[in-house]
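A.B. asks: Below is the structure I would like to discuss, written out as structure tokens.
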Amino acid sequence: MTLVHDRRKELRDSPGLHLLIAGVSKYRHLPGGEGGDVPAENYGMEQLSGTALAAYKIYEWVRDNEPRFPVPIKTIRLLLSPAEDELDVNEGLATIGVDRCTLDNFIREAAEWRDDASTHRDNITLFYFAGHGVQRSLGDAVMLMDDFNRPGGGEPLRFATDLNNLYVGMFPSDNRPQIARRQLYFVDACRISPSEFAKFREMSTTRVFAIDVDVDRNPDDRLSPIFFAAAPGYITNALRETGTIFSRVLMECLEGRAGQPENNGGGTPSWQVTDFSLAAALSIAYKEWKDYYGNELQFTISGLPQDEVIINLEGPPDVHVQFEVDPDAAARVAQIDVINVQHQRVRQLGPPVDPYPYQGTLPAGIYAIHARPEPATKPYIDCPGEFRDIRPPKRYHWKGKMIP
Amino acid sequence: MSGQKGTLLFSLDLSSELMLSDLPVIVWDQELRPVAKTLSTNPVDLPPGTYYVTALMPAGQEMRGSVNVVAGQSVQVRLKPEPQDRSPHEYQEVQHYLGKALENDHYWSHSLMVNYLAPTQLFNDQAVLRCITGNLLLREFGEVPPFFEKRALVGAVRLDITGYADIILLQLLQPGRPAVNVSFPSGPGGKCYLFITRSIRGYSLDVHLQSTTADLLLSYLESGLLTAAELTTTSPAIADASKAEDLLSQKMRDPVAACVGAYALLRFGEISKLHDWTKNLRDWYEWLPDGLTIWGEHLARLGRHAEALVEFLALPRRGLPFFVEGFSYALNRLRLYSTDTGNLFSDDERQQAKEVLYGLERYTPFVDFGKFFLTFTGMNPAEPDDTTLPANLEQYGGMDVSEVFNELDVDPYSTQDRTPIDYCGTVGACAVGAYASGLISVPELQMLMSANCKYISFDPRDTDDEIYDIRVPGFVQLVKVPDLVWKQEQSINTPHRRKRPEDLNHYAPMDLAGATGQTLDELVPEAIYLQPEIWRQYYESTGLNTVPQQGLLPFRVWQVYTEMVNFVQKKDVEHFVAAAGVLPHYIGDACQPLRSSYLINGDPYRNLDGSPTTYPLELGSRYSFDVNLVFERDVLDGHAPDILIRLRKELSRQHQRSLVRGGQEAGFAVVELMRRTRQHINPLDLVNAYGQLVHQQEEKQASGLIWEKYQQEIINIIADGCFTLTVIWESAWFEGGGNDIPHNKLSAVSPKRLKEIYEDRNFLPSATIWEIDRYLL
């Protein structure tokens with residue numbers, strides 16, 4: 001089974017969201033695999049942990065957040081090759097029982113996914129792949145399937161597919177004039193070029209789609225960003241038992257961190273996540289991982305992105321904030337007030353500010369933060385704040401100077 | 001201006017050419033609605049009210065300002081960066097706000113003691129820059145002599161390169177590394193800027209375009225900040241839909257900027273804005289390979305694949321695209337066309353596509369696709385590879401890069417944030433930390449400290465290379481934690497940093513007479529007089545009223561000692577090692593003569609020319625204001641190998657010292673160390689000696705002359721620091737009952753665990769003199 005969600009009959013001819021989600025952790029022909037002989041050459045690749053789980057969690061997130069998307073979900077196709085330790089930690093993954101992400105399965109499901117996508121130009125497609133990857137050029141990524149490195153000869157990348165082929169195969173054309181014009185691609189895989197590959201003149205992959213170059217000159221009018229978890233030359237990382245860093249950050253961004261207000265002419269603004277706001281939020285969230293954990297991560301975007309809605313938010317998203325005073329010891333007598341633009345105090349902390357530093361969230365908006373010693377305590381002084389915007393994707397760090 | 005509206009103008013609190021660039025800005029109203037998205041050069045008419053304006057820089061900093069707009073009036077809002085985001089120097093603004101190379105490299109160079117130990121093993125200073133002209137795809141190329149205007153920056157060199165020699169590529173050669181080739185899209189008569197920075201990992205190149213706005217656009221695209229990038233494409237400086245034709249009709253004042261604009265519009269899929277000016281790019285500029293890739297991709301997006309193929313097949317005549325974006329378009333299209341199964345292309349065309357594709361695919365394993373300018377490795381740029389170069393580069397000719405740094409007198413390691421107080425000489429503290437463990441006479445303690453030596457500083461028994469054997473990302477050796485972690489500005493992502501209160505722990509003005517005529521030194525004749533209240537009274541009476549003036553180094557040692565004893569009592573070996581590991585930093589500071597003197601930043605009562613004043617001067621206006629920087633960095637760090645060799649001999653002599661009991665005595669031991677240090681090297685003599693050299697315009701000689709004069713004293717004070725540290729370590733160990741700790745716990749602590757401990761804000765909290773009492777119990 002692969003089609004885990006199917007509302008085609010119910011929604012009939014109306015546009016819908018069609019998803020193809022694939023995740024490979026267990027590679028049967030890499031060391032530690034279970035596919036019989038493991039060739040001596042493994043191109044420096046090992047088994048993965050967290051990628052199939054990441055794909056499953058993305059599936060769950062999309063399913064559970066359906067109302068936020070501009071159109072209802074019509075189909076979800078899921079291909080997973082999980083590792084044993086992933087099955088141990090996630091019951092849903094262990095019980096869903098979908099097909100493995102072999103090359104044949106992938107090609108079959110991609111073809112059906114494209115057929116569904118071709119039924120209405122207002123359809124939206126979402127593609128997500130997590131697994132091993134290599135790269136050959138900027139907008140390209142080679143995705144290695146479950147049976148990569150299978151013995152029996154042929155090209156080294158015979159059991160791999162090329163995102164570029166998949167992407168171009170989703171072109172509007174005479175055969176598919178009604179194909180979805182809104183297409184979202186997420187590739188959660190490394191994009192390195194193993195030195196072993198340099199010795200091959202061509203690194204041909206197996207094509208998912210036969211591309212018929214369009215003689216009728218159909219322009220490519222899709223809005224189709226490709227979000228890569230790794231920039232070319234970079235690797236991506238997985239967290240054991242929780243999925244990949246990219247999937248985790250992606251869901252955090254879609255939850256609201258990538259929210260941006262839209263000026264709807266009056267009243268409170270509507271909030272939404274767009275290609276552009278998601279790209280900016282992913283960049284910033286990645287930088288935080290790098291700052292804190294030292295991971296060399298580099299997100300990038302390709303394809304045809306636009307400031308187009310991916311999902312709508314119900315209201316202003318929460319922004320992570322941290323409030324401190326200088327010096328730290330002043331926290332014992334400090335009172336910190338959060339004032340909104342109507343000059344109302346919406347939060348009071350302290351005295352003392354405990355736990356310190358204060359970490360919490362505020363709905364995005366305009367605020368001023370004040371700190372003062374309460375009661376007056378030498379040598380501390382009042383620290384009035386100015387109104388300013390507090391909005392995602394950056395976390396907001398305020399530090400009030402309470403000494404002369 | 002509409003009668004009901006006011007006009008909002010923008011100004012940027014920047015100093016470099018960025019000040020005049022078209023920076024994308026967003027204006028928000030009180031409800032946080034984006035009421036205008038525009039460029040900083042465009043005035044905006046708005047209804048009266050309060051607005052908040054932001055401008056996101058490519059490197060992630062945000063400039064902001066707020067303003068009240070009044071009907072019928074023009075008002076200007078000045079956008080400023082947050083204080084912690086400000087560029088350390090105007091010369092660095094372009095790199096600071098547009099890129100990331102500097103901060104990372106400098107962090108690296110600062111974080112490895114090995115830099116000072118064996119520079120030759122780490123980083124051969126040799127580097128050669130060559131300029132290549134010709135056509136690499138036809139394998140017709142050669143080297144041309146460089147024509148540069150050189151400019152010295154802080155810690156970097158900028159070369160302004162004019163493209164009259166048809167340079168297409170810059171090649172950087174460094175021993176033991178592959179040659180790096182960076183495309184250089186200046187074009188005939190155009191100009192590009194090349195920033196060269198150097199770190200412990202070697203030299204790095206950073207190419208910037210003549211058009212600041214095009215440069216800005218590239219940086220936004222690289223950073224994934226697409227809203228800003230899209231706004232920037234509307235700048236007159238970039239070829240957007242309406243303005244591009246004007247530019248082209250003038251034969252494009254800047255075709256390279258037009259290329260950048262075209263690549264941006266292609267990336268956004270805004271094909272309609274390209275009109276047919278991309279064809280002009282192809283037709284008018286034979287030297288520009290990207291004219292083919294842009295026009296070819298444009299055609300392909302329109303579904304005109306047969307015509308697109310013609311453009312990509314013409315690529316060998318012009319050469320490799322300058323931009324990775326164009327290189328990738330060519331690769332992807334040719335892969336598609338060469339394997340076409342339909343009837344659009346003939347066998348012959350498919351074969352031709354394969355031939356051109358082959359010429360490009362030779363490069364793909366060696367191209368850095370993370371860059372915007374085509375960058376790849378290989379000594380022979382027509383035959384890319386990753387072969388490393390030999391140690392001697394003389395055979396390759398070209399320009400000696402280190403000579404340029406020398407000629408311009410640029411110190412590649414200097415940065416503006418390395419002010420005298422912010423940055424300490426590393427040799428003293430690291431040497432103290434490393435050698436003290438060898439002096440420990442308590443076997444159990446020695447076992448523990450030796451096991452952790454390389455996590456504290458460096459292990460003198462190791463070869464230098466082994467110092468690299470620390471793989472925890474972001475781990476900082478403990479002796480450098482006070483400087484490289486705690487003293488750094490906090491951010492929400494790095495809450496473990498402490499900045500201001502930690503600054504105070506690194507010095508104390510022991511020799512400045514207060515209102516009563518007594519110095520701190522005189523106020524603390526014995527350990528019992530080392531009391532925070534006495535220091536507070538002294539500071540207030542002396543007029544040192546601001547917290548940054550109120551150094552408290554001895555109390556920091558008292559605090560650390562107290563905690564070390566507690567940790568030993570709890571048999572908490574991990575925390576003990578962490579506390580003992582940061583202590584050498586403070587002891588190392590205490591044995592620097594200027595850190596216990598009011599003269600640390602020069603003489604506050606003498607002008608730069610030496611004439612006296614009756615009031616204290618600002619930091620940069622003082623006689624010999626950078627004396628401490630010169631002493632700790634140039635004299636000490638500059639003679640690191642000598643110091644380490646001679647220190648070893650000095651330490652081999654037997655010294656007897658009494659143990660201390662209690663934190664107050666430990667703090668007082670440091671007061672005495674400071675006192676002895678100033679006896680060895682009188683701070684005033686140092687200030688005068690350096691001031692005289694400055695006056696004679698011979699400050700470049702300072703490092704050598706001061707070392708010549710004080711070398712034995714320097715060895716003596718650092719050795720004294722080693723012994724003092726040993727005494728404090730041993731005393732805390734005994735006082736806490738360290739010998740009761742089971743031997744199986746006396747082993748190396750993992751750096752991961754140590755990092756967790758020193759990033760905990762409750763571990764040895766940094767405090768001011770007003771708050772320190774609670775930590776001295």
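FYI, nothing fancy with the structure tokens labels: chains A, B, ... in order, residues from 1 per chain, ligands from 1 as they appear.
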Give me the residues within 9 Å of Ile336 of chain A as a list in words, counting only C-alpha atoms and dropping any in the same chain fewer than 6 places off.
C.D. replies: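 Counting only C-alpha atoms, the residues come to Phe323, Glu324, Val325, Arg347, Gln348, Leu349, Gly350, Pro351, Val353, Ile369, His370, Ala371, Arg372 and Pro373 of chain A.
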A.B. asks: Give as a PyMOL selection string every residue of chain B that touches chain A within 7 Å, counting only C-alpha atoms.
C.D. replies: chain B and resi 30-35+52+223-227+267-269+301-304+325+328+340-342+344+364-365+368-370+473-474+491-494+501+546+767+771
A.B. asks: Near Ala59 of chain B, within 10 Å and counting only C-alpha atoms, which residues show up once chain neighbours fewer than 2 positions away are dropped, as an MDAnalysis selection string?
C.D. replies: (chainID A and resid 284) or (chainID B and resid 56:57 61:62 85 95:100 219:220 222:223 225)
A.B. asks: Would you kindly return, as a VMD selection string, each protein, DNA or RNA residue with an atom no farther than 12 Å from any atom of Cys101 of chain A, considering only C-alpha atoms and excluding same-chain residues fewer than 5 positions away?
C.D. replies: chain A and resid 1 to 2 20 to 28 51 to 52 55 77 to 82 106 to 110 129 to 131 143 to 148 159 to 161
A.B. asks: Quick one, how far is atom CA of Glu563 of chain B from atom CA of Val577 of chain B?
C.D. replies: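 So the answer is 11.1 Å.
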A.B. asks: Quick one: residues within 10 Å of Gly16 of chain A, only C-alpha atoms, excluding same-chain residues fewer than 6 positions away - as a VMD selection string?
C.D. replies: chain A and resid 7 to 8 69 to 75 116 to 117 119 to 125 180
A.B. asks: So what do you get for atom CA of Gly296 of chain B versus atom CA of Val208 of chain A, distance-wise?
C.D. replies: 24.8 Å
